[in-house]
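Participant: This one is work12.cif, mmCIF, C-alpha atoms.
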```
data_work
#
loop_
_atom_site.group_PDB
_atom_site.id
_atom_site.type_symbol
_atom_site.label_atom_id
_atom_site.label_comp_id
_atom_site.auth_asym_id
_atom_site.auth_seq_id
_atom_site.Cartn_x
_atom_site.Cartn_y
_atom_site.Cartn_z
ATOM 1 C CA MET A 651 88.137 -9.811 -37.976
ATOM 2 C CA SER A 652 90.648 -12.437 -37.062
ATOM 3 C CA ILE A 653 91.859 -14.789 -34.372
ATOM 4 C CA LYS A 654 95.559 -14.941 -33.582
ATOM 5 C CA VAL A 655 97.512 -17.543 -31.630
ATOM 6 C CA SER A 656 101.121 -16.754 -30.731
ATOM 7 C CA LEU A 657 103.364 -19.475 -29.333
ATOM 8 C CA SER A 658 107.019 -19.313 -28.402
ATOM 9 C CA GLY A 659 109.420 -21.878 -27.002
ATOM 10 C CA ASN A 660 111.842 -24.646 -27.878
ATOM 11 C CA SER A 661 111.345 -25.446 -31.549
ATOM 12 C CA LYS A 662 112.836 -27.763 -34.145
ATOM 13 C CA VAL A 663 113.393 -27.450 -37.863
ATOM 14 C CA VAL A 664 114.351 -30.704 -39.572
ATOM 15 C CA LYS A 665 115.477 -30.819 -43.206
ATOM 16 C CA PHE A 666 116.022 -33.826 -45.449
ATOM 17 C CA TYR A 667 118.399 -33.606 -48.432
ATOM 18 C CA ASN A 668 118.675 -36.395 -51.025
ATOM 19 C CA LEU A 669 122.399 -36.109 -51.689
ATOM 20 C CA THR A 670 122.398 -38.703 -54.466
ATOM 21 C CA ARG A 671 120.223 -36.400 -56.553
ATOM 22 C CA LEU A 672 122.698 -33.626 -55.882
ATOM 23 C CA LYS A 673 125.718 -35.607 -57.071
ATOM 24 C CA LEU A 674 126.238 -33.323 -60.080
ATOM 25 C CA LEU A 675 127.449 -30.691 -57.674
ATOM 26 C CA GLU A 676 131.231 -30.506 -57.595
ATOM 27 C CA GLY A 677 132.649 -32.546 -54.735
ATOM 28 C CA LEU A 678 129.375 -34.253 -53.897
ATOM 29 C CA ASP A 679 129.563 -37.277 -56.195
ATOM 30 C CA VAL A 680 128.462 -40.167 -53.976
ATOM 31 C CA ASP A 681 130.257 -42.725 -56.135
ATOM 32 C CA ILE A 682 133.738 -41.523 -55.237
ATOM 33 C CA TYR A 683 133.236 -42.129 -51.514
ATOM 34 C CA ASP A 684 133.412 -45.404 -49.607
ATOM 35 C CA LEU A 685 130.803 -44.893 -46.915
ATOM 36 C CA ASN A 686 132.091 -47.888 -45.012
ATOM 37 C CA GLU A 687 135.228 -45.901 -44.224
ATOM 38 C CA GLU A 688 135.145 -43.321 -41.433
ATOM 39 C CA ARG A 689 137.518 -40.987 -43.290
ATOM 40 C CA ASP A 690 135.256 -40.912 -46.349
ATOM 41 C CA ILE A 691 132.165 -40.483 -44.176
ATOM 42 C CA GLU A 692 133.773 -37.504 -42.467
ATOM 43 C CA GLU A 693 134.747 -35.859 -45.763
ATOM 44 C CA PHE A 694 131.386 -36.524 -47.370
ATOM 45 C CA PHE A 695 129.602 -35.142 -44.327
ATOM 46 C CA GLU A 696 131.633 -31.927 -44.456
ATOM 47 C CA ARG A 697 130.743 -31.425 -48.128
ATOM 48 C CA ALA A 698 127.053 -32.066 -47.423
ATOM 49 C CA GLU A 699 127.007 -29.554 -44.575
ATOM 50 C CA GLU A 700 128.723 -26.925 -46.727
ATOM 51 C CA PHE A 701 125.964 -27.204 -49.321
ATOM 52 C CA ALA A 702 123.262 -27.135 -46.662
ATOM 53 C CA GLN A 703 124.701 -23.928 -45.227
ATOM 54 C CA SER A 704 125.221 -22.268 -48.599
ATOM 55 C CA GLY A 705 121.684 -22.880 -49.813
ATOM 56 C CA GLU A 706 122.940 -24.392 -53.075
ATOM 57 C CA ALA A 707 121.034 -27.597 -52.449
ATOM 58 C CA GLU A 708 117.700 -25.771 -52.231
ATOM 59 C CA GLU A 709 118.337 -24.193 -55.626
ATOM 60 C CA LEU A 710 118.745 -27.559 -57.352
ATOM 61 C CA GLU A 711 116.445 -29.859 -55.426
ATOM 62 C CA ASP A 712 113.409 -29.385 -53.231
ATOM 63 C CA VAL A 713 114.343 -29.879 -49.594
ATOM 64 C CA ILE A 714 111.831 -31.499 -47.276
ATOM 65 C CA GLU A 715 111.376 -29.334 -44.166
ATOM 66 C CA VAL A 716 109.304 -30.220 -41.105
ATOM 67 C CA ARG A 717 108.887 -27.983 -38.049
ATOM 68 C CA GLY A 718 107.792 -28.737 -34.509
ATOM 69 C CA LEU A 719 107.332 -27.103 -31.085
ATOM 70 C CA ASN A 720 108.218 -28.873 -27.843
ATOM 71 C CA PRO A 721 105.029 -28.863 -25.699
ATOM 72 C CA GLU A 722 107.118 -29.241 -22.530
ATOM 73 C CA GLU A 723 109.147 -26.070 -23.181
ATOM 74 C CA ILE A 724 106.660 -23.363 -24.154
ATOM 75 C CA ASN A 725 107.595 -19.920 -22.867
ATOM 76 C CA GLU A 726 104.532 -18.011 -23.959
ATOM 77 C CA ALA A 727 101.096 -18.767 -25.399
ATOM 78 C CA ILE A 728 98.727 -15.904 -26.218
ATOM 79 C CA LEU A 729 95.306 -15.878 -27.832
ATOM 80 C CA THR A 730 94.159 -12.631 -29.454
ATOM 81 C CA ASN A 731 90.375 -12.659 -29.761
ATOM 82 C CA PRO A 732 88.389 -11.014 -32.606
ATOM 83 C CA ASN A 733 87.644 -8.066 -30.308
ATOM 84 C CA GLY A 734 91.392 -7.497 -29.812
ATOM 85 C CA ASN A 735 91.471 -8.802 -26.248
ATOM 86 C CA GLU A 736 94.621 -10.816 -25.488
ATOM 87 C CA ILE A 737 94.633 -13.656 -22.963
ATOM 88 C CA ASP A 738 97.294 -16.071 -21.790
ATOM 89 C CA ILE A 739 96.367 -19.632 -22.656
ATOM 90 C CA ASP A 740 97.454 -23.061 -21.484
ATOM 91 C CA ILE A 741 98.519 -25.335 -24.313
ATOM 92 C CA ASP A 742 96.879 -28.193 -22.397
ATOM 93 C CA ASP A 743 93.519 -26.584 -23.199
ATOM 94 C CA PHE A 744 93.992 -27.328 -26.884
ATOM 95 C CA VAL A 745 92.628 -30.505 -28.455
ATOM 96 C CA LEU A 746 95.499 -32.691 -29.677
ATOM 97 C CA GLU A 747 95.151 -34.481 -33.001
ATOM 98 C CA ASN A 748 97.677 -37.173 -33.870
ATOM 99 C CA LEU A 749 99.514 -36.460 -37.117
ATOM 100 C CA SER A 750 101.693 -39.003 -38.889
ATOM 101 C CA LEU A 751 105.123 -37.885 -40.003
ATOM 102 C CA GLU A 752 104.642 -40.178 -42.986
ATOM 103 C CA ASN A 753 102.519 -37.440 -44.552
ATOM 104 C CA TYR A 754 105.512 -35.112 -44.514
ATOM 105 C CA ILE A 755 108.418 -37.336 -45.432
ATOM 106 C CA LYS A 756 106.888 -39.745 -47.935
ATOM 107 C CA GLN A 757 109.232 -38.212 -50.502
ATOM 108 C CA VAL A 758 112.125 -39.560 -48.427
ATOM 109 C CA LYS A 759 110.519 -42.991 -48.422
ATOM 110 C CA ASN A 760 110.085 -42.742 -52.203
ATOM 111 C CA ALA A 761 113.842 -42.370 -52.720
ATOM 112 C CA ASN A 762 115.667 -45.045 -54.691
ATOM 113 C CA ILE A 763 117.546 -47.922 -53.107
ATOM 114 C CA GLY A 764 121.080 -46.711 -52.434
ATOM 115 C CA ASP A 765 120.210 -43.009 -52.200
ATOM 116 C CA ILE A 766 122.055 -41.079 -49.491
ATOM 117 C CA ILE A 767 119.958 -38.781 -47.287
ATOM 118 C CA TYR A 768 121.397 -35.975 -45.180
ATOM 119 C CA LEU A 769 119.280 -35.065 -42.159
ATOM 120 C CA ARG A 770 119.912 -31.651 -40.611
ATOM 121 C CA SER A 771 118.160 -31.125 -37.273
ATOM 122 C CA GLU A 772 118.055 -27.581 -35.887
ATOM 123 C CA ASP A 773 117.033 -26.996 -32.278
ATOM 124 C CA GLY A 774 116.439 -23.522 -30.839
ATOM 125 C CA ASP A 775 114.046 -20.736 -29.915
ATOM 126 C CA GLY A 776 111.014 -20.272 -32.123
ATOM 127 C CA THR A 777 108.083 -17.866 -32.214
ATOM 128 C CA TRP A 778 104.959 -18.786 -34.192
ATOM 129 C CA ASP A 779 102.167 -16.368 -35.113
ATOM 130 C CA MET A 780 99.093 -18.145 -36.518
ATOM 131 C CA VAL A 781 96.040 -16.241 -37.767
ATOM 132 C CA ALA A 782 92.544 -17.163 -38.947
ATOM 133 C CA GLU A 783 89.715 -15.057 -40.319
ATOM 134 C CA TYR A 784 86.579 -15.124 -38.161
ATOM 135 C CA ASP A 785 83.171 -13.531 -38.772
ATOM 136 C CA GLU A 786 82.100 -13.191 -35.148
ATOM 137 C CA SER A 787 83.270 -10.587 -32.635
ATOM 138 C CA GLU A 788 82.840 -12.485 -29.369
ATOM 139 C CA GLU A 789 85.728 -14.148 -27.569
ATOM 140 C CA ILE A 790 86.375 -17.779 -28.438
ATOM 141 C CA ASP A 791 86.854 -20.754 -26.172
ATOM 142 C CA PRO A 792 90.495 -21.942 -26.443
ATOM 143 C CA THR A 793 89.379 -25.500 -25.626
ATOM 144 C CA ASN A 794 87.850 -25.582 -29.117
ATOM 145 C CA ILE A 795 91.207 -24.976 -30.783
ATOM 146 C CA LYS A 796 92.854 -28.061 -32.286
ATOM 147 C CA ILE A 797 96.579 -28.534 -32.808
ATOM 148 C CA ALA A 798 98.344 -31.439 -34.502
ATOM 149 C CA TYR A 799 100.842 -33.558 -32.597
ATOM 150 C CA PHE A 800 103.589 -35.847 -33.904
ATOM 151 C CA ASN A 801 102.872 -38.775 -31.594
ATOM 152 C CA CYS A 802 105.101 -41.420 -33.157
ATOM 153 C CA ALA A 803 104.142 -44.031 -30.568
ATOM 154 C CA SER A 804 100.605 -44.061 -31.930
ATOM 155 C CA TYR A 805 101.675 -45.704 -35.199
ATOM 156 C CA MET A 806 105.236 -46.971 -34.657
ATOM 157 C CA ASP A 807 106.552 -49.509 -32.187
ATOM 158 C CA THR A 808 109.861 -49.209 -30.320
ATOM 159 C CA TYR A 809 111.709 -51.365 -32.856
ATOM 160 C CA GLU A 810 110.590 -49.189 -35.785
ATOM 161 C CA LEU A 811 111.619 -46.013 -33.968
ATOM 162 C CA LEU A 812 115.079 -47.442 -33.288
ATOM 163 C CA ARG A 813 115.483 -48.764 -36.824
ATOM 164 C CA GLU A 814 114.408 -45.546 -38.513
ATOM 165 C CA SER A 815 115.855 -42.999 -36.114
ATOM 166 C CA PHE A 816 115.317 -40.091 -38.527
ATOM 167 C CA TYR A 817 111.846 -39.772 -36.995
ATOM 168 C CA GLU A 818 113.244 -39.108 -33.525
ATOM 169 C CA PRO A 819 113.934 -35.328 -33.738
ATOM 170 C CA LEU A 820 110.261 -34.593 -34.408
ATOM 171 C CA CYS A 821 108.510 -37.201 -32.272
ATOM 172 C CA ASP A 822 106.381 -35.773 -29.447
ATOM 173 C CA THR A 823 106.372 -32.242 -30.873
ATOM 174 C CA LEU A 824 103.459 -30.010 -31.843
ATOM 175 C CA ALA A 825 102.886 -29.313 -35.543
ATOM 176 C CA VAL A 826 101.934 -25.671 -35.054
ATOM 177 C CA ASP A 827 101.390 -25.286 -38.803
ATOM 178 C CA LYS A 828 98.327 -27.504 -38.362
ATOM 179 C CA LEU A 829 96.155 -25.355 -36.102
ATOM 180 C CA SER A 830 92.369 -25.038 -36.490
ATOM 181 C CA PHE A 831 89.250 -23.683 -34.809
ATOM 182 C CA GLU A 832 85.893 -25.281 -35.615
ATOM 183 C CA ASN A 833 86.117 -25.621 -39.420
ATOM 184 C CA ILE A 834 88.634 -22.801 -39.866
ATOM 185 C CA ASP A 835 92.321 -23.473 -40.552
ATOM 186 C CA PHE A 836 94.909 -21.052 -39.215
ATOM 187 C CA GLU A 837 97.609 -19.759 -41.535
ATOM 188 C CA LEU A 838 101.190 -19.026 -40.590
ATOM 189 C CA GLU A 839 101.695 -15.271 -40.406
ATOM 190 C CA GLU A 840 105.279 -15.339 -39.151
ATOM 191 C CA PHE A 841 107.814 -17.856 -37.877
ATOM 192 C CA ILE A 842 110.987 -16.515 -36.259
ATOM 193 C CA PHE A 843 113.582 -19.145 -35.438
ATOM 194 C CA GLU A 844 117.041 -18.897 -33.890
ATOM 195 C CA PRO A 845 118.885 -22.229 -33.890
ATOM 196 C CA ILE A 846 121.038 -22.969 -30.878
ATOM 197 C CA LYS A 847 122.132 -26.499 -31.710
ATOM 198 C CA ILE A 848 122.384 -28.151 -35.118
ATOM 199 C CA TYR A 849 123.024 -31.850 -35.708
ATOM 200 C CA GLY A 850 123.767 -33.623 -38.977
ATOM 201 C CA GLU A 851 123.307 -37.298 -39.833
ATOM 202 C CA LEU A 852 123.778 -39.421 -42.946
ATOM 203 C CA TYR A 853 121.324 -42.143 -43.960
ATOM 204 C CA VAL A 854 121.156 -44.664 -46.784
ATOM 205 C CA VAL A 855 118.002 -46.105 -48.348
ATOM 206 C CA LYS A 856 118.075 -49.905 -48.248
ATOM 207 C CA GLU A 857 115.783 -52.811 -48.952
ATOM 208 C CA ASP A 858 114.644 -55.016 -46.092
ATOM 209 C CA LEU A 859 115.665 -58.472 -47.325
ATOM 210 C CA GLN A 860 112.862 -60.149 -45.386
ATOM 211 C CA THR A 861 109.925 -57.915 -46.290
ATOM 212 C CA GLY A 862 111.137 -56.176 -49.431
ATOM 213 C CA ASP A 863 110.194 -52.814 -47.898
ATOM 214 C CA LYS A 864 112.421 -49.766 -48.084
ATOM 215 C CA ILE A 865 114.161 -48.817 -44.875
ATOM 216 C CA ILE A 866 116.252 -45.737 -44.139
ATOM 217 C CA GLU A 867 119.292 -46.713 -42.105
ATOM 218 C CA ARG A 868 121.779 -44.406 -40.430
ATOM 219 C CA ILE A 869 125.292 -44.761 -41.808
ATOM 220 C CA SER A 870 127.448 -46.149 -39.022
ATOM 221 C CA SER A 871 126.651 -44.337 -35.767
ATOM 222 C CA TYR A 872 127.684 -41.033 -37.253
ATOM 223 C CA ARG A 873 125.909 -38.029 -35.742
ATOM 224 C CA LYS A 874 127.749 -34.746 -35.665
ATOM 225 C CA LEU A 875 127.130 -31.557 -33.729
ATOM 226 C CA VAL A 876 127.467 -28.812 -36.328
ATOM 227 C CA LEU A 877 126.602 -25.814 -34.141
ATOM 228 C CA ASP A 878 126.349 -25.357 -30.371
ATOM 229 C CA GLU A 879 125.714 -21.874 -29.019
ATOM 230 C CA SER A 880 124.046 -23.033 -25.806
ATOM 231 C CA GLU A 881 127.079 -22.205 -23.654
ATOM 232 C CA GLU A 882 127.045 -18.630 -24.929
ATOM 233 C CA LEU A 883 123.496 -17.975 -23.752
#
```
Will you turn the file into structure tokens for me?

Facilitator:
Amino acid sequence: MSIKVSLSGNSKVVKFYNLTRLKLLEGLDVDIYDLNEERDIEEFFERAEEFAQSGEAEELEDVIEVRGLNPEEINEAILTNPNGNEIDIDIDDFVLENLSLENYIKQVKNANIGDIIYLRSEDGDGTWDMVAEYDESEEIDPTNIKIAYFNCASYMDTYELLRESFYEPLCDTLAVDKLSFENIDFELEEFIFEPIKIYGELYVVKEDLQTGDKIIERISSYRKLVLDESEEL
């Protein structure tokens, strides 16, 4: 027998590409671009987006991908009990557990000083089906279901959020992949996602001269809308 939780609503898929490690690809050699010049930033961005769309980057380098669901824009939430009975549930009934994004993007933080990171943020409609095996047949109490939550304010102050804005797309979203009941972890059965808007941003890994820590700083104020199908809906 199994428990199933199905959620649908506004979702986000955020991917991080270390472009410096991809510089062997033709046309993506970081060294030939002056990223203090808007013209070079524009050209470099276009090349990065081409590789992201083609899937070539994934073939040569692992891409960090993090997904989230906006708790304020959930269209449907259904719990299928072990006996097959389906009930509508309120996401507010779930127990929220704070989850640090650091656990997901530590590979970004481990990049070398000077590495260029391309962030691709996809925003659209997502449907998540999560299942867990369960030995009992009776209906379960949805208030005992736990779901992780990217609550950036719990471990970052306003200055940190502004300085490292690559966190922003995922802050205050639900990490549906981290769903549990009692001591049972749910597994993702299916995730269907249709992006409506896609943004791209370029970042560079720098050293904080005061603390010696690595910081990831957006290059200029460059943030480009790659895809916008919202007006067609």

Participant: Evaluate the PyMOL selection byres ((chain A and resi 781) around 6) on the structure here and hand back the selected residues as a tab-separated table (two decimals) with C-alpha atoms, keeping the file's coordinate frame.

Facilitator:
```tsv
chain	number	residue	atom	x	y	z
A	653	ILE	CA	91.86	-14.79	-34.37
A	654	LYS	CA	95.56	-14.94	-33.58
A	780	MET	CA	99.09	-18.14	-36.52
A	782	ALA	CA	92.54	-17.16	-38.95
A	836	PHE	CA	94.91	-21.05	-39.22
A	837	GLU	CA	97.61	-19.76	-41.54
```

Participant: Near Asp827 (chain A), counting only C-alpha atoms, which residues have an atom at most 10 Å away, once you skip same-chain residues fewer than 6 positions from it, shown as a PyMOL selection string?

Facilitator: chain A and resi 716-719+778-780+797-798+835-838+841

Participant: Go through A:Gly705, A:Pro845, A:Pro732, A:Gly850 and flag the residue nearest Leu769 (chain A), using only C-alpha atoms for the distances.

Facilitator: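 Of A:Gly705, A:Pro845, A:Pro732, A:Gly850, the one nearest Leu769 (chain A), counting only C-alpha atoms, is A:Gly850.
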
Participant: Would you pick out the contacts of Glu851 (chain A) at 10 Å or less, using all atoms listed in the file, so that residues sharing its chain but fewer than 6 positions from it are not included, and give the list as JSON, numbers by chain?

Facilitator: {"A": [666, 695, 698, 699, 767, 768, 769, 770, 771, 816, 868, 869, 870, 871, 872, 873, 874, 875]}

Participant: In Å, how far is it from CA of Ser661 (chain A) to CA of Thr730 (chain A)?

Facilitator: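 Computing it gives 21.5 Å between the two atoms.
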
Participant: Report, as JSON, the axis-aligned box around all atoms of region 863-872 of chain A present in the file, extended by 4 Å on each side; give centre and edge lengths in Å to one decimal place.

Facilitator:
```
{"center_x": 118.9, "center_y": -46.9, "center_z": -41.9, "size_x": 25.5, "size_y": 19.8, "size_z": 20.3}
```

Participant: Distance cut-off 10 Å, centre (121.3, -28.4, -47.4) in file coordinates, counting only C-alpha atoms: which residues qualify? Return them as a VMD selection string.

Facilitator: chain A and resid 665 to 669 697 to 709 711 to 714 768 to 770

Participant: Given the file shown, determine the residues that the PyMOL selection byres ((chain A and resi 773) around 6) selects; report them as a PyMOL selection string.

Facilitator: chain A and resi 661-662+772+774+845-847

Participant: Would you write out those residues with C-alpha atoms, as a tab-separated table (two decimals), keeping the file's coordinate frame?

Facilitator:
```
chain	number	residue	atom	x	y	z
A	661	SER	CA	111.34	-25.45	-31.55
A	662	LYS	CA	112.84	-27.76	-34.15
A	772	GLU	CA	118.06	-27.58	-35.89
A	774	GLY	CA	116.44	-23.52	-30.84
A	845	PRO	CA	118.88	-22.23	-33.89
A	846	ILE	CA	121.04	-22.97	-30.88
A	847	LYS	CA	122.13	-26.50	-31.71
```

Participant: Starting from the PyMOL selection byres ((chain A and resi 735) around 12), expand the selection into actual residues of this file and give them as a ChimeraX atom specification.

Facilitator: /A:652-655,728-734,736-738,787-790

Participant: Would you work out the distance separating CA of Ile763 (chain A) from CA of Val855 (chain A), expressed in Å to one decimal?

Facilitator: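 Pair CA of Ile763 (chain A) / CA of Val855 (chain A) returns 5.1 Å.
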
Participant: I need the residue nearest Lys796 (chain A) from this list: A:Gln757, A:Ser750, A:Ser658, A:Asn833. Use only C-alpha atoms for the distance.

Facilitator: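 Among the listed residues, the smallest separation from Lys796 (chain A) belongs to A:Asn833.
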
Participant: From the options A:Phe694, A:Phe831, A:Tyr754, A:Phe744, which residue's atoms come nearest to Pro721 (chain A), counting only C-alpha atoms?

Facilitator: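 When distances to Pro721 (chain A) are compared using only C-alpha atoms, the smallest one comes from A:Phe744.
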
Participant: Compile the contact shell of Glu723 (chain A) as a list in words: residues with an atom at most 8 Å away, counting all atoms listed in the file, same-chain residues fewer than 3 positions apart removed.

Facilitator: Gly659, Asn660 and Asn720 of chain A

Participant: Just the selected residues (C-alpha atoms), exported as an mmCIF file, keeping the file's coordinate frame, please.

Facilitator:
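That gives us again.cif:
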```cif
data_model
loop_
_atom_site.group_PDB
_atom_site.id
_atom_site.type_symbol
_atom_site.label_atom_id
_atom_site.label_comp_id
_atom_site.auth_asym_id
_atom_site.auth_seq_id
_atom_site.Cartn_x
_atom_site.Cartn_y
_atom_site.Cartn_z
ATOM 1 C CA GLY A 659 109.420 -21.878 -27.002
ATOM 2 C CA ASN A 660 111.842 -24.646 -27.878
ATOM 3 C CA ASN A 720 108.218 -28.873 -27.843
#
```

Participant: Closest to Phe800 (chain A) among A:Val826, A:Ala727, A:Leu749, A:Ile848, using only C-alpha atoms?

Facilitator: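 The shortest atom-to-atom distance to Phe800 (chain A) comes from A:Leu749.
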
Participant: Just the number, please: distance in Å from CA of Ile766 (chain A) to CA of Met806 (chain A), one decimal.

Facilitator: 23.2 Å

Participant: Of the residues A:Tyr849, A:Gln860, A:Tyr784, A:Glu840, which is the one nearest to Pro819 (chain A), using only C-alpha atoms?

Facilitator: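 Counting only C-alpha atoms, the residue closest to Pro819 (chain A) is A:Tyr849.
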
Participant: Which neighbours of Asn801 (chain A) fall inside 6 Å, counting all atoms listed in the file, when residues of the same chain fewer than 4 positions from it are skipped, and could you give them as a list in words?

Facilitator: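 Close residues of Asn801 (chain A): Asn748, Cys821 and Asp822 of chain A.
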
Participant: List the neighbours of Thr793 (chain A) out to 9 Å using only C-alpha atoms; skip same-chain residues closer than 4 positions along the sequence, and give me the result as a ChimeraX atom specification.

Facilitator: /A:742-745
